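Chemist: I'd like to ask some things about the structure below.
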Amino acid sequence: MIRFECPHCGNSIKVKDSAAGKQGACNKCGEKITVPHSTSIVRTTPEIVKPEEVPAHYQSPPPSPTVYQQPHSPNVSVNIKQESRAANSMGIASVILGILAFLLCWIPFVNILAFVLGSISALMAVIGIFLGISRNGSGIGYSIAGGALSAIALFFSAGFFLALFGSVAAVSQAVDTANQARERRQAMENALVVNDKNQKQQQALPAPMDQPKKPADKWAGKGLTATVGDVTVEILGTDINQIQFKDIADRQTGTSEEEFLLVKLKITNNSEVKKYSYSPWESARYGNDPLLTDEHGNSYVAKSPTFQKIVGSVRYKELYPGESVEDLYVFERPVGKASKFKMNLYSRDFTGGEPVLLKFACSKELIAEAKTQSEKNQADSEKPVMLRGAPKTEASPVPEFNNVSTAGGIKAEITKVAVEEFEGKECLAIHLKLTNNSGSKQTYSTWQSKYYSSGDLLTDDLGKAYESVPVKLDPQTIEPDSTIEDTLYFEKPDPKATKFNLFLYPRAFTEKQPLNFKFKN
């Protein structure tokens, strides 16, 4: 402790040693005083003068010394204003962060960190300035310096951000402008071509009468085959029949109790360089439009059993360039009056983002009608033609059997009929020879009653019908003016049957006309 007296009023003052050299105000007189560095005590007692030396016999006994004690003064506290360490700390931290922000603000992308550091530095500078003002300006210089550095760092960081965003916006605007100009130019060219074409048509044709415009039919001109993107989809056949199930080993396990609409599709990869992964179109997963509708507006859902495989269906296939896959699509059984159907196969990666549109007709009544019409046409062709005014001649005998039939550009001939063993059981084997006279290449796949036809392929003179034995579908290409051979296997016929009728339902390569044969065993 330091004890001293006020030089103005003599008041005794006591303060801590840490206040040495600091200024304060006396709490008695209020005058400004400076705390000394060492303790000094001012005595108010008179000075004791040493008596002169005298002979001993003249000396009187020394008086007892009087001890003068300093009168007790109360402890006086002095309010000493010290510098604020908080203000100094805030200012120094602001200067350090401001220096870091100033050094980093010049580096692209790194100036993001400089912006953050500068913001913190500016905040600490503001706090330090307020603390310095509240303490008579103590430590305010550091805060001002930190604030200046942070302001410079923030300015240049924000400038870099604005310049970068401005460049990106300018490039984006330039690209948009170029695209709009190209679209306008293309639209003008298309408009010129359309106008020129319309003018030529209007000059060549008489002016039509005003008629209400009808929405364009997207199925106009669609049929059994469609090429979209890199694939060609072809309807090979349709049927309203039961479906057969198979196990993992591809062995048949049973037949469904209800009938379904069966559509056999062939998908061909036309690309020369791309490989595509094929999986069936499914109505339950993709697409907003139904896969199949009829002429009455009914839609039908494609069936896809989970636990049982369907004979003829494919779940997945890698299609290399030029390869094809045939798949059986199973839909709900249509209403009895439905005969015309539209397929809308939604866009896939191999269709180039466009849907595949197909149209076909399928009903037991139409197939029966085609069969009846074919038999009638054949019977009419076998009747003799009577010419008016010509002499009557005897009618040529009508052949009881015919082993040759022609439909479209295909000529089919039965070369052999015999009971043969096939897959471990006896079957009726009908050997066919087919010749392509159409002048164009045709894709052929065998006739089978379980997959395509709603009518009976083979019947006998006893009124019995025979199902074909399922075989693997191996499509073949028939070049123009070339011939291929195929064998159809049926159930072993009744021994009492002697005459048979073979009806091969219409196909694409027969130009939708049936082939009809009559033969004996």
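To be explicit about the labels: the chains of the structure tokens are called A, B, and onward in the order shown, and within each one the residues are counted from 1, while ligands get numbers from 1 in the order they are shown.
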Excluding A:Pro108 and its own-chain neighbours fewer than 5 positions away, which residues fall within 9 Å of it when counting only C-alpha atoms? Please give them as a list of chain:residue names.

Modeler: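 So the residues in contact are A:Ser157, A:Phe160, A:Phe161.
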
Chemist: Take the residues just selected and output them with all heavy atoms as a PDB file, in the first residue's frame.

Modeler:
```pdb
ATOM      1  N   SER A 157     -13.886  -7.211 -52.220  1.00  0.00           N
ATOM      2  CA  SER A 157     -14.535  -8.519 -52.317  1.00  0.00           C
ATOM      3  C   SER A 157     -15.894  -8.402 -53.013  1.00  0.00           C
ATOM      4  O   SER A 157     -16.226  -9.177 -53.920  1.00  0.00           O
ATOM      5  CB  SER A 157     -14.708  -9.134 -50.931  1.00  0.00           C
ATOM      6  OG  SER A 157     -13.448  -9.345 -50.307  1.00  0.00           O
ATOM      7  N   PHE A 160     -15.416  -7.838 -56.745  1.00  0.00           N
ATOM      8  CA  PHE A 160     -15.135  -9.067 -57.496  1.00  0.00           C
ATOM      9  C   PHE A 160     -16.408  -9.896 -57.703  1.00  0.00           C
ATOM     10  O   PHE A 160     -16.649 -10.459 -58.776  1.00  0.00           O
ATOM     11  CB  PHE A 160     -14.085  -9.891 -56.764  1.00  0.00           C
ATOM     12  CG  PHE A 160     -12.680  -9.431 -57.025  1.00  0.00           C
ATOM     13  CD1 PHE A 160     -11.870  -9.012 -55.983  1.00  0.00           C
ATOM     14  CD2 PHE A 160     -12.161  -9.414 -58.311  1.00  0.00           C
ATOM     15  CE1 PHE A 160     -10.569  -8.577 -56.213  1.00  0.00           C
ATOM     16  CE2 PHE A 160     -10.863  -8.993 -58.545  1.00  0.00           C
ATOM     17  CZ  PHE A 160     -10.064  -8.558 -57.507  1.00  0.00           C
ATOM     18  N   PHE A 161     -17.257  -9.988 -56.653  1.00  0.00           N
ATOM     19  CA  PHE A 161     -18.514 -10.743 -56.775  1.00  0.00           C
ATOM     20  C   PHE A 161     -19.403 -10.152 -57.866  1.00  0.00           C
ATOM     21  O   PHE A 161     -19.938 -10.863 -58.722  1.00  0.00           O
ATOM     22  CB  PHE A 161     -19.263 -10.748 -55.446  1.00  0.00           C
ATOM     23  CG  PHE A 161     -18.663 -11.646 -54.416  1.00  0.00           C
ATOM     24  CD1 PHE A 161     -18.629 -11.291 -53.077  1.00  0.00           C
ATOM     25  CD2 PHE A 161     -18.122 -12.862 -54.788  1.00  0.00           C
ATOM     26  CE1 PHE A 161     -18.061 -12.114 -52.131  1.00  0.00           C
ATOM     27  CE2 PHE A 161     -17.569 -13.698 -53.847  1.00  0.00           C
ATOM     28  CZ  PHE A 161     -17.527 -13.327 -52.519  1.00  0.00           C
TER      29      PHE A 161
END
```

Chemist: Return the single residue from A:Lys22, A:Lys433, A:Lys303, A:Arg315 that is closest to A:Phe331, with distances computed using only C-alpha atoms.

Modeler: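 The shortest atom-to-atom distance to A:Phe331 comes from A:Lys303.
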
Chemist: Can you pull out the residues contacting stretch 97-104 of chain A? Cut-off 9 Å, using only C-alpha atoms, and skip same-chain residues under 3 positions away; I want them as an NGL selection string.

Modeler: :A and (92-94 or 107-108 or 110-122 or 145-154 or 156-157)

Chemist: Please dump the current selection as a PDB file, in the first residue's frame; keep C-alpha atoms.

Modeler:
```pdb
ATOM      1  CA  ILE A  92      -6.348  -5.350 -31.883  1.00  0.00           C
ATOM      2  CA  ALA A  93      -8.538  -8.316 -32.972  1.00  0.00           C
ATOM      3  CA  SER A  94     -10.235  -6.082 -35.544  1.00  0.00           C
ATOM      4  CA  ILE A 107      -7.523 -13.547 -54.785  1.00  0.00           C
ATOM      5  CA  PRO A 108     -10.499 -14.701 -56.931  1.00  0.00           C
ATOM      6  CA  VAL A 110     -10.761 -16.975 -52.038  1.00  0.00           C
ATOM      7  CA  ASN A 111     -12.160 -13.483 -51.510  1.00  0.00           C
ATOM      8  CA  ILE A 112     -15.316 -15.170 -50.248  1.00  0.00           C
ATOM      9  CA  LEU A 113     -13.350 -15.886 -47.059  1.00  0.00           C
ATOM     10  CA  ALA A 114     -12.041 -12.316 -47.128  1.00  0.00           C
ATOM     11  CA  PHE A 115     -15.629 -11.045 -47.193  1.00  0.00           C
ATOM     12  CA  VAL A 116     -16.475 -13.109 -44.113  1.00  0.00           C
ATOM     13  CA  LEU A 117     -13.337 -12.025 -42.202  1.00  0.00           C
ATOM     14  CA  GLY A 118     -13.904  -8.386 -43.204  1.00  0.00           C
ATOM     15  CA  SER A 119     -17.474  -8.512 -41.918  1.00  0.00           C
ATOM     16  CA  ILE A 120     -16.346  -9.876 -38.546  1.00  0.00           C
ATOM     17  CA  SER A 121     -13.527  -7.298 -38.383  1.00  0.00           C
ATOM     18  CA  ALA A 122     -15.932  -4.445 -39.118  1.00  0.00           C
ATOM     19  CA  ALA A 145      -7.519   1.035 -38.049  1.00  0.00           C
ATOM     20  CA  GLY A 146      -9.301  -2.333 -38.057  1.00  0.00           C
ATOM     21  CA  GLY A 147     -12.478  -0.736 -39.398  1.00  0.00           C
ATOM     22  CA  ALA A 148     -10.568   0.918 -42.246  1.00  0.00           C
ATOM     23  CA  LEU A 149      -8.877  -2.344 -43.267  1.00  0.00           C
ATOM     24  CA  SER A 150     -12.154  -4.274 -43.122  1.00  0.00           C
ATOM     25  CA  ALA A 151     -13.926  -1.607 -45.199  1.00  0.00           C
ATOM     26  CA  ILE A 152     -11.273  -1.881 -47.943  1.00  0.00           C
ATOM     27  CA  ALA A 153     -11.482  -5.699 -47.917  1.00  0.00           C
ATOM     28  CA  LEU A 154     -15.290  -5.659 -48.101  1.00  0.00           C
ATOM     29  CA  PHE A 156     -12.936  -5.136 -53.173  1.00  0.00           C
ATOM     30  CA  SER A 157     -14.535  -8.519 -52.317  1.00  0.00           C
TER      31      SER A 157
END
```

Chemist: Just give me the gap between atom CA of A:Glu189 and atom CA of A:Asp176 in Å, one decimal is fine.

Modeler: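 So the two atoms, atom CA of A:Glu189 and atom CA of A:Asp176, lie 19.8 Å apart.
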
Chemist: With a cut-off of 12 Å, could you pull out the residues of stretch 248-338 of chain A touching stretch 345-362 of chain A and give me the nearest pair of atoms for each, distance in Å to one decimal, using only C-alpha atoms, ordered by chain and ascending number, as CSV?

Modeler:
```
residue,atom,partner,partner_atom,distance
A:Phe260,CA,A:Cys362,CA,11.9
A:Leu261,CA,A:Cys362,CA,8.7
A:Leu262,CA,A:Cys362,CA,9.6
A:Val263,CA,A:Cys362,CA,9.4
A:Lys264,CA,A:Phe360,CA,11.6
A:Leu265,CA,A:Leu358,CA,10.7
A:Ile267,CA,A:Phe350,CA,10.7
A:Thr268,CA,A:Phe350,CA,10.4
A:Asn269,CA,A:Phe350,CA,8.3
A:Asn270,CA,A:Phe350,CA,9.7
A:Ser271,CA,A:Phe350,CA,9.2
A:Lys274,CA,A:Phe350,CA,9.1
A:Lys275,CA,A:Phe350,CA,9.1
A:Tyr276,CA,A:Phe350,CA,6.6
A:Ser277,CA,A:Phe350,CA,8.6
A:Tyr278,CA,A:Phe350,CA,8.8
A:Ser279,CA,A:Arg348,CA,10.1
A:Pro280,CA,A:Leu345,CA,9.7
A:Trp281,CA,A:Leu345,CA,6.7
A:Glu282,CA,A:Leu345,CA,8.8
A:Ser283,CA,A:Leu345,CA,9.1
A:Arg285,CA,A:Tyr346,CA,10.8
A:Tyr286,CA,A:Tyr346,CA,7.5
A:Gly287,CA,A:Tyr346,CA,5.7
A:Asn288,CA,A:Tyr346,CA,8.3
A:Asp289,CA,A:Tyr346,CA,7.8
A:Pro290,CA,A:Leu345,CA,8.5
A:Leu291,CA,A:Leu345,CA,5.8
A:Leu292,CA,A:Leu345,CA,8.5
A:Thr293,CA,A:Lys359,CA,9.9
A:Asp294,CA,A:Ala361,CA,9.4
A:Glu295,CA,A:Ala361,CA,10.1
A:Ala302,CA,A:Leu345,CA,11.4
A:Glu318,CA,A:Phe350,CA,11.9
A:Leu319,CA,A:Phe350,CA,10.2
A:Tyr320,CA,A:Phe350,CA,11.7
A:Pro321,CA,A:Phe350,CA,11.5
A:Tyr329,CA,A:Leu345,CA,11.7
A:Arg333,CA,A:Cys362,CA,11.4
A:Pro334,CA,A:Cys362,CA,9.8
A:Val335,CA,A:Cys362,CA,11.6
A:Gly336,CA,A:Cys362,CA,11.0
A:Lys337,CA,A:Cys362,CA,10.8
A:Ala338,CA,A:Cys362,CA,8.3
```

Chemist: Put those residues in a file: N, CA and C atoms, as a short mmCIF file (atom, residue, chain, number, x, y, z; two decimals), in the first residue's frame.

Modeler:
```cif
data_model
loop_
_atom_site.label_atom_id
_atom_site.label_comp_id
_atom_site.auth_asym_id
_atom_site.auth_seq_id
_atom_site.Cartn_x
_atom_site.Cartn_y
_atom_site.Cartn_z
N PHE A 260 -57.60 -63.09 -72.36
CA PHE A 260 -56.98 -61.78 -72.43
C PHE A 260 -56.83 -61.38 -73.90
N LEU A 261 -56.57 -60.10 -74.10
CA LEU A 261 -56.21 -59.63 -75.43
C LEU A 261 -54.69 -59.75 -75.56
N LEU A 262 -54.23 -60.55 -76.51
CA LEU A 262 -52.81 -60.81 -76.69
C LEU A 262 -52.33 -60.08 -77.94
N VAL A 263 -51.24 -59.36 -77.79
CA VAL A 263 -50.64 -58.63 -78.90
C VAL A 263 -49.16 -58.99 -78.96
N LYS A 264 -48.73 -59.54 -80.09
CA LYS A 264 -47.34 -59.92 -80.27
C LYS A 264 -46.61 -58.81 -81.00
N LEU A 265 -45.56 -58.25 -80.38
CA LEU A 265 -44.78 -57.16 -80.95
C LEU A 265 -43.38 -57.62 -81.29
N ILE A 267 -39.70 -55.79 -81.87
CA ILE A 267 -38.96 -54.54 -81.70
C ILE A 267 -37.57 -54.73 -82.29
N THR A 268 -37.19 -53.89 -83.25
CA THR A 268 -35.91 -54.00 -83.95
C THR A 268 -35.08 -52.76 -83.72
N ASN A 269 -33.82 -52.94 -83.37
CA ASN A 269 -32.88 -51.83 -83.19
C ASN A 269 -32.27 -51.49 -84.55
N ASN A 270 -32.63 -50.33 -85.10
CA ASN A 270 -32.15 -49.92 -86.42
C ASN A 270 -30.82 -49.18 -86.37
N SER A 271 -30.33 -48.87 -85.17
CA SER A 271 -29.08 -48.12 -85.08
C SER A 271 -27.89 -48.99 -85.50
N LYS A 274 -25.47 -47.96 -81.73
CA LYS A 274 -25.94 -47.88 -80.35
C LYS A 274 -26.57 -49.20 -79.91
N LYS A 275 -26.36 -49.52 -78.65
CA LYS A 275 -26.97 -50.67 -78.00
C LYS A 275 -28.00 -50.16 -77.00
N TYR A 276 -29.19 -50.76 -77.00
CA TYR A 276 -30.27 -50.32 -76.13
C TYR A 276 -30.72 -51.46 -75.23
N SER A 277 -31.19 -51.08 -74.05
CA SER A 277 -31.74 -52.05 -73.09
C SER A 277 -33.26 -52.01 -73.22
N TYR A 278 -33.85 -53.14 -73.63
CA TYR A 278 -35.30 -53.21 -73.82
C TYR A 278 -35.96 -53.85 -72.60
N SER A 279 -37.02 -53.21 -72.16
CA SER A 279 -37.94 -53.78 -71.18
C SER A 279 -39.34 -53.39 -71.63
N PRO A 280 -40.36 -54.19 -71.33
CA PRO A 280 -41.70 -53.94 -71.90
C PRO A 280 -42.28 -52.60 -71.46
N TRP A 281 -43.11 -52.04 -72.31
CA TRP A 281 -43.92 -50.89 -71.93
C TRP A 281 -44.96 -51.37 -70.91
N GLU A 282 -45.12 -50.63 -69.83
CA GLU A 282 -46.05 -51.03 -68.79
C GLU A 282 -46.95 -49.84 -68.45
N SER A 283 -48.25 -50.09 -68.41
CA SER A 283 -49.20 -49.00 -68.15
C SER A 283 -49.20 -48.57 -66.70
N ARG A 285 -46.60 -47.96 -64.77
CA ARG A 285 -45.42 -47.23 -64.31
C ARG A 285 -45.24 -45.88 -65.01
N TYR A 286 -45.35 -45.88 -66.34
CA TYR A 286 -44.97 -44.69 -67.08
C TYR A 286 -46.12 -44.19 -67.93
N GLY A 287 -45.97 -42.97 -68.40
CA GLY A 287 -46.88 -42.44 -69.39
C GLY A 287 -48.18 -41.92 -68.80
N ASN A 288 -48.68 -40.83 -69.39
CA ASN A 288 -49.94 -40.27 -68.95
C ASN A 288 -51.11 -40.84 -69.74
N ASP A 289 -50.89 -41.23 -71.00
CA ASP A 289 -51.94 -41.80 -71.84
C ASP A 289 -51.97 -43.31 -71.67
N PRO A 290 -53.17 -43.91 -71.78
CA PRO A 290 -53.23 -45.39 -71.69
C PRO A 290 -52.52 -46.03 -72.86
N LEU A 291 -51.99 -47.24 -72.63
CA LEU A 291 -51.27 -47.95 -73.68
C LEU A 291 -52.22 -48.42 -74.78
N LEU A 292 -53.43 -48.83 -74.39
CA LEU A 292 -54.34 -49.42 -75.36
C LEU A 292 -55.75 -48.87 -75.14
N THR A 293 -56.39 -48.42 -76.25
CA THR A 293 -57.77 -47.95 -76.22
C THR A 293 -58.50 -48.55 -77.42
N ASP A 294 -59.84 -48.61 -77.32
CA ASP A 294 -60.63 -49.10 -78.45
C ASP A 294 -61.41 -47.95 -79.06
N GLU A 295 -62.21 -48.27 -80.07
CA GLU A 295 -62.93 -47.21 -80.80
C GLU A 295 -64.04 -46.60 -79.96
N ALA A 302 -52.23 -53.19 -69.26
CA ALA A 302 -51.36 -54.32 -69.55
C ALA A 302 -51.12 -55.13 -68.29
N GLU A 318 -31.01 -57.05 -74.05
CA GLU A 318 -30.06 -56.10 -74.61
C GLU A 318 -30.12 -56.20 -76.13
N LEU A 319 -30.49 -55.09 -76.78
CA LEU A 319 -30.61 -55.08 -78.23
C LEU A 319 -29.38 -54.42 -78.83
N TYR A 320 -28.52 -55.22 -79.46
CA TYR A 320 -27.36 -54.70 -80.15
C TYR A 320 -27.80 -54.18 -81.53
N PRO A 321 -26.97 -53.38 -82.18
CA PRO A 321 -27.35 -52.85 -83.49
C PRO A 321 -27.80 -53.96 -84.45
N TYR A 329 -47.56 -59.05 -75.36
CA TYR A 329 -48.21 -58.12 -74.45
C TYR A 329 -49.61 -58.65 -74.12
N ARG A 333 -59.26 -58.26 -71.16
CA ARG A 333 -60.13 -58.69 -72.26
C ARG A 333 -61.03 -57.52 -72.67
N PRO A 334 -61.08 -57.18 -73.96
CA PRO A 334 -61.89 -56.03 -74.40
C PRO A 334 -63.38 -56.34 -74.37
N VAL A 335 -64.18 -55.29 -74.48
CA VAL A 335 -65.62 -55.46 -74.53
C VAL A 335 -66.00 -56.16 -75.84
N GLY A 336 -67.19 -56.77 -75.87
CA GLY A 336 -67.56 -57.58 -77.01
C GLY A 336 -67.70 -56.80 -78.30
N LYS A 337 -68.10 -55.52 -78.24
CA LYS A 337 -68.29 -54.71 -79.43
C LYS A 337 -67.01 -54.05 -79.93
N ALA A 338 -65.92 -54.19 -79.20
CA ALA A 338 -64.66 -53.55 -79.60
C ALA A 338 -63.98 -54.39 -80.68
#
```

Chemist: Atom CA of A:Thr477 to atom CA of A:Pro514: how many Å, to one decimal?

Modeler: 19.5 Å

Chemist: May I ask for the distance between atom CA of A:Ile235 and atom CA of A:Thr446, given in Å to one decimal place?

Modeler: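 Going from atom CA of A:Ile235 over to atom CA of A:Thr446, I get 14.1 Å.
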
Chemist: Residues of stretch 322-362 of chain A in strand (DSSP E or B) according to DSSP, as a ChimeraX atom specification?

Modeler: /A:324-331,340-345,356-361

Chemist: So that I can see what lies close to stretch 481-493 of chain A, please list as an mmCIF file with all heavy atoms, in the first residue's frame the residues with an atom at most 6 Å from it, counting only C-alpha atoms and leaving out residues fewer than 5 positions away in the same chain.

Modeler:
```cif
data_model
loop_
_atom_site.group_PDB
_atom_site.id
_atom_site.type_symbol
_atom_site.label_atom_id
_atom_site.label_comp_id
_atom_site.auth_asym_id
_atom_site.auth_seq_id
_atom_site.Cartn_x
_atom_site.Cartn_y
_atom_site.Cartn_z
ATOM 1 N N CYS A 427 -47.284 -86.258 -83.257
ATOM 2 C CA CYS A 427 -48.000 -85.071 -83.693
ATOM 3 C C CYS A 427 -48.281 -85.189 -85.185
ATOM 4 O O CYS A 427 -47.627 -85.952 -85.914
ATOM 5 C CB CYS A 427 -47.191 -83.797 -83.430
ATOM 6 S SG CYS A 427 -46.747 -83.520 -81.701
ATOM 7 N N LEU A 428 -49.264 -84.390 -85.643
ATOM 8 C CA LEU A 428 -49.523 -84.278 -87.072
ATOM 9 C C LEU A 428 -48.631 -83.176 -87.608
ATOM 10 O O LEU A 428 -48.783 -82.002 -87.236
ATOM 11 C CB LEU A 428 -51.003 -83.956 -87.332
ATOM 12 C CG LEU A 428 -51.381 -83.778 -88.809
ATOM 13 C CD1 LEU A 428 -51.150 -85.078 -89.583
ATOM 14 C CD2 LEU A 428 -52.830 -83.319 -88.947
ATOM 15 N N ALA A 429 -47.697 -83.537 -88.489
ATOM 16 C CA ALA A 429 -46.744 -82.573 -89.031
ATOM 17 C C ALA A 429 -47.179 -82.168 -90.427
ATOM 18 O O ALA A 429 -47.417 -83.029 -91.292
ATOM 19 C CB ALA A 429 -45.340 -83.166 -89.062
ATOM 20 N N ILE A 430 -47.315 -80.849 -90.658
ATOM 21 C CA ILE A 430 -47.672 -80.308 -91.970
ATOM 22 C C ILE A 430 -46.472 -79.517 -92.470
ATOM 23 O O ILE A 430 -46.110 -78.481 -91.895
ATOM 24 C CB ILE A 430 -48.926 -79.418 -91.881
ATOM 25 C CG1 ILE A 430 -50.097 -80.207 -91.292
ATOM 26 C CG2 ILE A 430 -49.277 -78.843 -93.240
ATOM 27 C CD1 ILE A 430 -51.353 -79.379 -91.091
ATOM 28 N N HIS A 431 -45.842 -79.984 -93.531
ATOM 29 C CA HIS A 431 -44.655 -79.338 -94.093
ATOM 30 C C HIS A 431 -45.092 -78.322 -95.145
ATOM 31 O O HIS A 431 -45.838 -78.659 -96.072
ATOM 32 C CB HIS A 431 -43.729 -80.383 -94.712
ATOM 33 C CG HIS A 431 -43.205 -81.363 -93.710
ATOM 34 N ND1 HIS A 431 -41.980 -81.216 -93.101
ATOM 35 C CD2 HIS A 431 -43.755 -82.508 -93.193
ATOM 36 C CE1 HIS A 431 -41.780 -82.224 -92.269
ATOM 37 N NE2 HIS A 431 -42.846 -83.029 -92.299
ATOM 38 N N LEU A 432 -44.638 -77.100 -94.985
ATOM 39 C CA LEU A 432 -45.002 -75.995 -95.879
ATOM 40 C C LEU A 432 -43.771 -75.493 -96.624
ATOM 41 O O LEU A 432 -42.659 -75.478 -96.090
ATOM 42 C CB LEU A 432 -45.619 -74.831 -95.097
ATOM 43 C CG LEU A 432 -46.974 -75.047 -94.422
ATOM 44 C CD1 LEU A 432 -47.358 -73.786 -93.649
ATOM 45 C CD2 LEU A 432 -48.039 -75.386 -95.441
ATOM 46 N N LYS A 433 -44.024 -75.040 -97.845
ATOM 47 C CA LYS A 433 -43.010 -74.327 -98.618
ATOM 48 C C LYS A 433 -43.601 -72.977 -99.008
ATOM 49 O O LYS A 433 -44.671 -72.925 -99.636
ATOM 50 C CB LYS A 433 -42.604 -75.113 -99.864
ATOM 51 C CG LYS A 433 -41.506 -74.410 -100.666
ATOM 52 C CD LYS A 433 -41.006 -75.283 -101.813
ATOM 53 C CE LYS A 433 -42.039 -75.383 -102.907
ATOM 54 N NZ LYS A 433 -41.503 -76.074 -104.108
ATOM 55 N N LEU A 434 -42.922 -71.900 -98.636
ATOM 56 C CA LEU A 434 -43.437 -70.556 -98.877
ATOM 57 C C LEU A 434 -42.506 -69.816 -99.824
ATOM 58 O O LEU A 434 -41.284 -69.799 -99.624
ATOM 59 C CB LEU A 434 -43.578 -69.763 -97.572
ATOM 60 C CG LEU A 434 -44.564 -70.342 -96.544
ATOM 61 C CD1 LEU A 434 -43.782 -71.098 -95.473
ATOM 62 C CD2 LEU A 434 -45.418 -69.257 -95.922
ATOM 63 N N THR A 435 -43.095 -69.205 -100.842
ATOM 64 C CA THR A 435 -42.336 -68.468 -101.858
ATOM 65 C C THR A 435 -42.757 -67.006 -101.823
ATOM 66 O O THR A 435 -43.963 -66.693 -101.801
ATOM 67 C CB THR A 435 -42.591 -69.052 -103.248
ATOM 68 O OG1 THR A 435 -42.265 -70.446 -103.242
ATOM 69 C CG2 THR A 435 -41.736 -68.343 -104.295
ATOM 70 N N ASN A 436 -41.765 -66.112 -101.808
ATOM 71 C CA ASN A 436 -42.016 -64.667 -101.772
ATOM 72 C C ASN A 436 -42.059 -64.122 -103.196
ATOM 73 O O ASN A 436 -41.037 -63.994 -103.859
ATOM 74 C CB ASN A 436 -40.924 -63.959 -100.964
ATOM 75 C CG ASN A 436 -41.171 -62.468 -100.846
ATOM 76 O OD1 ASN A 436 -42.214 -61.959 -101.255
ATOM 77 N ND2 ASN A 436 -40.199 -61.756 -100.290
ATOM 78 N N ASN A 437 -43.273 -63.781 -103.667
ATOM 79 C CA ASN A 437 -43.453 -63.206 -105.003
ATOM 80 C C ASN A 437 -43.817 -61.725 -104.943
ATOM 81 O O ASN A 437 -44.248 -61.157 -105.948
ATOM 82 C CB ASN A 437 -44.558 -63.973 -105.752
ATOM 83 C CG ASN A 437 -44.198 -65.435 -105.947
ATOM 84 O OD1 ASN A 437 -43.043 -65.772 -106.189
ATOM 85 N ND2 ASN A 437 -45.200 -66.322 -105.836
ATOM 86 N N TYR A 466 -57.991 -78.826 -83.651
ATOM 87 C CA TYR A 466 -56.710 -79.259 -83.086
ATOM 88 C C TYR A 466 -55.830 -78.035 -82.844
ATOM 89 O O TYR A 466 -55.712 -77.163 -83.721
ATOM 90 C CB TYR A 466 -56.016 -80.243 -84.031
ATOM 91 C CG TYR A 466 -56.839 -81.477 -84.328
ATOM 92 C CD1 TYR A 466 -57.675 -81.527 -85.451
ATOM 93 C CD2 TYR A 466 -56.792 -82.571 -83.488
ATOM 94 C CE1 TYR A 466 -58.439 -82.634 -85.718
ATOM 95 C CE2 TYR A 466 -57.556 -83.701 -83.751
ATOM 96 C CZ TYR A 466 -58.388 -83.730 -84.872
ATOM 97 O OH TYR A 466 -59.144 -84.836 -85.126
ATOM 98 N N GLU A 467 -55.230 -78.040 -81.657
ATOM 99 C CA GLU A 467 -54.322 -76.942 -81.306
ATOM 100 C C GLU A 467 -52.925 -77.238 -81.837
ATOM 101 O O GLU A 467 -52.497 -78.387 -81.902
ATOM 102 C CB GLU A 467 -54.259 -76.764 -79.780
ATOM 103 C CG GLU A 467 -55.571 -76.330 -79.152
ATOM 104 C CD GLU A 467 -55.892 -74.883 -79.437
ATOM 105 O OE1 GLU A 467 -54.974 -74.158 -79.894
ATOM 106 O OE2 GLU A 467 -57.037 -74.468 -79.219
ATOM 107 N N SER A 468 -52.220 -76.166 -82.176
ATOM 108 C CA SER A 468 -50.840 -76.336 -82.616
ATOM 109 C C SER A 468 -49.937 -76.562 -81.402
ATOM 110 O O SER A 468 -50.221 -76.089 -80.291
ATOM 111 C CB SER A 468 -50.362 -75.107 -83.389
ATOM 112 O OG SER A 468 -50.332 -73.988 -82.528
ATOM 113 N N VAL A 469 -48.852 -77.296 -81.609
ATOM 114 C CA VAL A 469 -47.875 -77.524 -80.546
ATOM 115 C C VAL A 469 -46.928 -76.319 -80.525
ATOM 116 O O VAL A 469 -46.342 -75.978 -81.542
ATOM 117 C CB VAL A 469 -47.093 -78.821 -80.791
ATOM 118 C CG1 VAL A 469 -46.043 -79.020 -79.704
ATOM 119 C CG2 VAL A 469 -48.046 -80.011 -80.843
#
```

Chemist: Restricting the calculation to only C-alpha atoms, which member of A:Lys411, A:Lys309, A:His296, A:Lys464 is positioned closest to A:Ser339?

Modeler: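 Closest residue, counting only C-alpha atoms: A:His296.
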